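Novice: This is the content of input.cif (mmCIF, C-alpha atoms):
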data_structure
loop_
_atom_site.label_atom_id
_atom_site.label_comp_id
_atom_site.auth_asym_id
_atom_site.auth_seq_id
_atom_site.Cartn_x
_atom_site.Cartn_y
_atom_site.Cartn_z
CA MET C 22 0.00 0.00 0.00
CA VAL C 23 1.16 3.52 -0.78
CA ASP C 24 2.08 5.69 2.18
CA GLY C 25 1.22 9.40 2.38
CA LYS C 26 4.71 10.18 3.65
CA VAL C 27 6.26 8.69 0.52
CA ILE C 28 3.95 10.84 -1.59
CA LEU C 29 4.93 14.00 0.30
CA GLU C 30 8.62 13.20 -0.16
CA GLU C 31 8.07 12.88 -3.90
CA LEU C 32 6.08 16.12 -3.98
CA LYS C 33 9.05 17.94 -2.43
CA LYS C 34 10.66 17.52 -5.84
CA VAL C 35 7.95 19.69 -7.45
CA VAL C 36 9.31 23.22 -7.56
CA ASP C 37 7.37 26.38 -8.36
CA PRO C 38 9.37 27.70 -11.35
CA GLU C 39 8.72 31.34 -10.48
CA LEU C 40 9.74 31.13 -6.82
CA GLY C 41 12.26 28.28 -6.94
CA LYS C 42 10.79 26.59 -3.84
CA ASP C 43 9.12 23.23 -3.50
CA ILE C 44 5.34 23.11 -3.15
CA VAL C 45 5.42 21.16 0.12
CA SER C 46 7.60 23.63 2.02
CA MET C 47 5.47 26.50 0.68
CA GLY C 48 2.38 24.85 2.21
CA LEU C 49 0.58 24.37 -1.10
CA ILE C 50 -0.30 20.73 -0.39
CA LYS C 51 -3.42 20.77 1.76
CA LYS C 52 -4.30 17.09 1.89
CA VAL C 53 -3.18 13.71 0.57
CA ASP C 54 -5.78 10.92 0.51
CA VAL C 55 -4.77 7.38 -0.35
CA HIS C 56 -7.37 4.71 -1.02
CA LYS C 57 -5.52 1.53 -1.99
CA GLY C 58 -3.72 2.64 -5.17
CA ASP C 59 -5.84 5.72 -5.80
CA VAL C 60 -4.38 9.04 -4.66
CA ILE C 61 -6.20 12.36 -4.33
CA ILE C 62 -4.04 15.44 -3.82
CA THR C 63 -5.77 18.59 -2.59
CA MET C 64 -3.57 21.59 -3.21
CA THR C 65 -3.57 25.30 -3.87
CA LEU C 66 -1.33 27.60 -5.86
CA THR C 67 0.38 30.85 -4.93
CA SER C 68 -2.29 32.67 -6.94
CA PRO C 69 -5.56 31.65 -8.63
CA TYR C 70 -4.10 33.28 -11.75
CA CYS C 71 -0.79 31.42 -11.66
CA PRO C 72 0.38 31.29 -15.29
CA LEU C 73 2.27 28.04 -14.69
CA ALA C 74 -0.57 26.20 -12.94
CA GLY C 75 -0.85 23.58 -15.67
CA LEU C 76 2.84 22.73 -15.51
CA ILE C 77 2.83 22.44 -11.72
CA VAL C 78 -0.27 20.24 -11.62
CA GLU C 79 1.10 18.03 -14.39
CA ASP C 80 4.39 17.64 -12.49
CA VAL C 81 2.42 16.65 -9.36
CA ARG C 82 0.46 14.02 -11.32
CA ASN C 83 3.55 12.59 -13.04
CA ARG C 84 5.65 12.38 -9.89
CA VAL C 85 2.93 10.74 -7.79
CA ALA C 86 2.02 8.35 -10.64
CA SER C 87 5.66 7.21 -10.75
CA ILE C 88 5.46 5.85 -7.19
CA LYS C 89 5.19 2.08 -7.01
CA GLY C 90 1.67 1.02 -6.07
CA VAL C 91 -0.09 4.14 -7.33
CA ASP C 92 -2.83 3.29 -9.82
CA SER C 93 -4.43 6.71 -10.32
CA VAL C 94 -3.82 10.32 -9.33
CA LYS C 95 -6.41 13.08 -9.04
CA VAL C 96 -5.42 16.66 -8.24
CA ASP C 97 -8.05 18.97 -6.76
CA LEU C 98 -7.19 22.67 -6.75
CA VAL C 99 -8.67 24.81 -3.97
CA PHE C 100 -8.32 28.53 -3.25
#
Render the structure in this file as structure tokens.

Specialist:
Amino acid sequence: MVDGKVILEELKKVVDPELGKDIVSMGLIKKVDVHKGDVIITMTLTSPYCPLAGLIVEDVRNRVASIKGVDSVKVDLVF
């Protein structure tokens, strides 16, 4: 089974390109839910109008999907 701590460690590799800081240390990850191999990430961005939102969310999906045992990844954005 996938562990939330492993997911957070992987998400520390996702860096906001404008600020150069990882999304975990910036507090952008609000919640990580794991149900067997299905992962739901609830996160926010530094701004609702973030021009790089698509790139950041795609990086989150790709990194979490690369973890052994993850079958699906859903990212919910909240503001």

Novice: Which distance in Å separates CA of Val94 in chain C and CA of Pro38 in chain C, to one decimal?

Specialist: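 Result for CA of Val94 in chain C versus CA of Pro38 in chain C: 21.9 Å, one decimal.
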
Novice: Using all atoms listed in the file, which of C:Lys51, C:Gly58, C:Lys26, C:Thr63 sits nearest Lys89 in chain C?

Specialist: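 Distance minimum relative to Lys89 in chain C lands on C:Gly58.
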
Novice: Please write as a PDB file with C-alpha atoms, in the coordinates of the input the full residue list that the PyMOL selection byres ((chain C and resi 62) around 9) yields on this file.

Specialist:
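What landed in part.pdb:
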ATOM      1  CA  ILE C  50      -0.300  20.730  -0.390  1.00  0.00           C
ATOM      2  CA  LYS C  51      -3.420  20.770   1.760  1.00  0.00           C
ATOM      3  CA  LYS C  52      -4.300  17.090   1.890  1.00  0.00           C
ATOM      4  CA  VAL C  53      -3.180  13.710   0.570  1.00  0.00           C
ATOM      5  CA  ASP C  54      -5.780  10.920   0.510  1.00  0.00           C
ATOM      6  CA  VAL C  55      -4.770   7.380  -0.350  1.00  0.00           C
ATOM      7  CA  VAL C  60      -4.380   9.040  -4.660  1.00  0.00           C
ATOM      8  CA  ILE C  61      -6.200  12.360  -4.330  1.00  0.00           C
ATOM      9  CA  THR C  63      -5.770  18.590  -2.590  1.00  0.00           C
ATOM     10  CA  MET C  64      -3.570  21.590  -3.210  1.00  0.00           C
ATOM     11  CA  VAL C  81       2.420  16.650  -9.360  1.00  0.00           C
ATOM     12  CA  ARG C  82       0.460  14.020 -11.320  1.00  0.00           C
ATOM     13  CA  VAL C  94      -3.820  10.320  -9.330  1.00  0.00           C
ATOM     14  CA  LYS C  95      -6.410  13.080  -9.040  1.00  0.00           C
ATOM     15  CA  VAL C  96      -5.420  16.660  -8.240  1.00  0.00           C
ATOM     16  CA  ASP C  97      -8.050  18.970  -6.760  1.00  0.00           C
ATOM     17  CA  LEU C  98      -7.190  22.670  -6.750  1.00  0.00           C
TER      18      LEU C  98
END

Novice: Just how far from CA of Thr67 in chain C is CA of Gly25 in chain C, in Å to one decimal?

Specialist: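 Computing it gives 22.7 Å between the two atoms.
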
Novice: Run the PyMOL selection byres ((chain C and resi 42-48) around 10) mentally over the shown coordinates, then write out the matched residues as a list in words, using the chain letters and numbers from the document.

Specialist: Leu29, Glu30, Glu31, Leu32, Lys33, Lys34, Val35, Val36, Asp37, Pro38, Glu39, Leu40, Gly41, Leu49, Ile50, Lys51, Met64, Thr65, Leu66, Thr67, Ile77 and Val81 of chain C

Novice: What separation in Å, quoted to one decimal, exists between CA of Ser93 in chain C and CA of His56 in chain C?

Specialist: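 Computed distance, CA of Ser93 in chain C to CA of His56 in chain C, equals 10.0 Å.
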
Novice: Just checking: using only C-alpha atoms, which residue out of C:Ile28, C:Met22, C:Cys71, C:Leu76 ends up closest to Ile88 in chain C?

Specialist: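 So, comparing all the options, the nearest one is C:Ile28.
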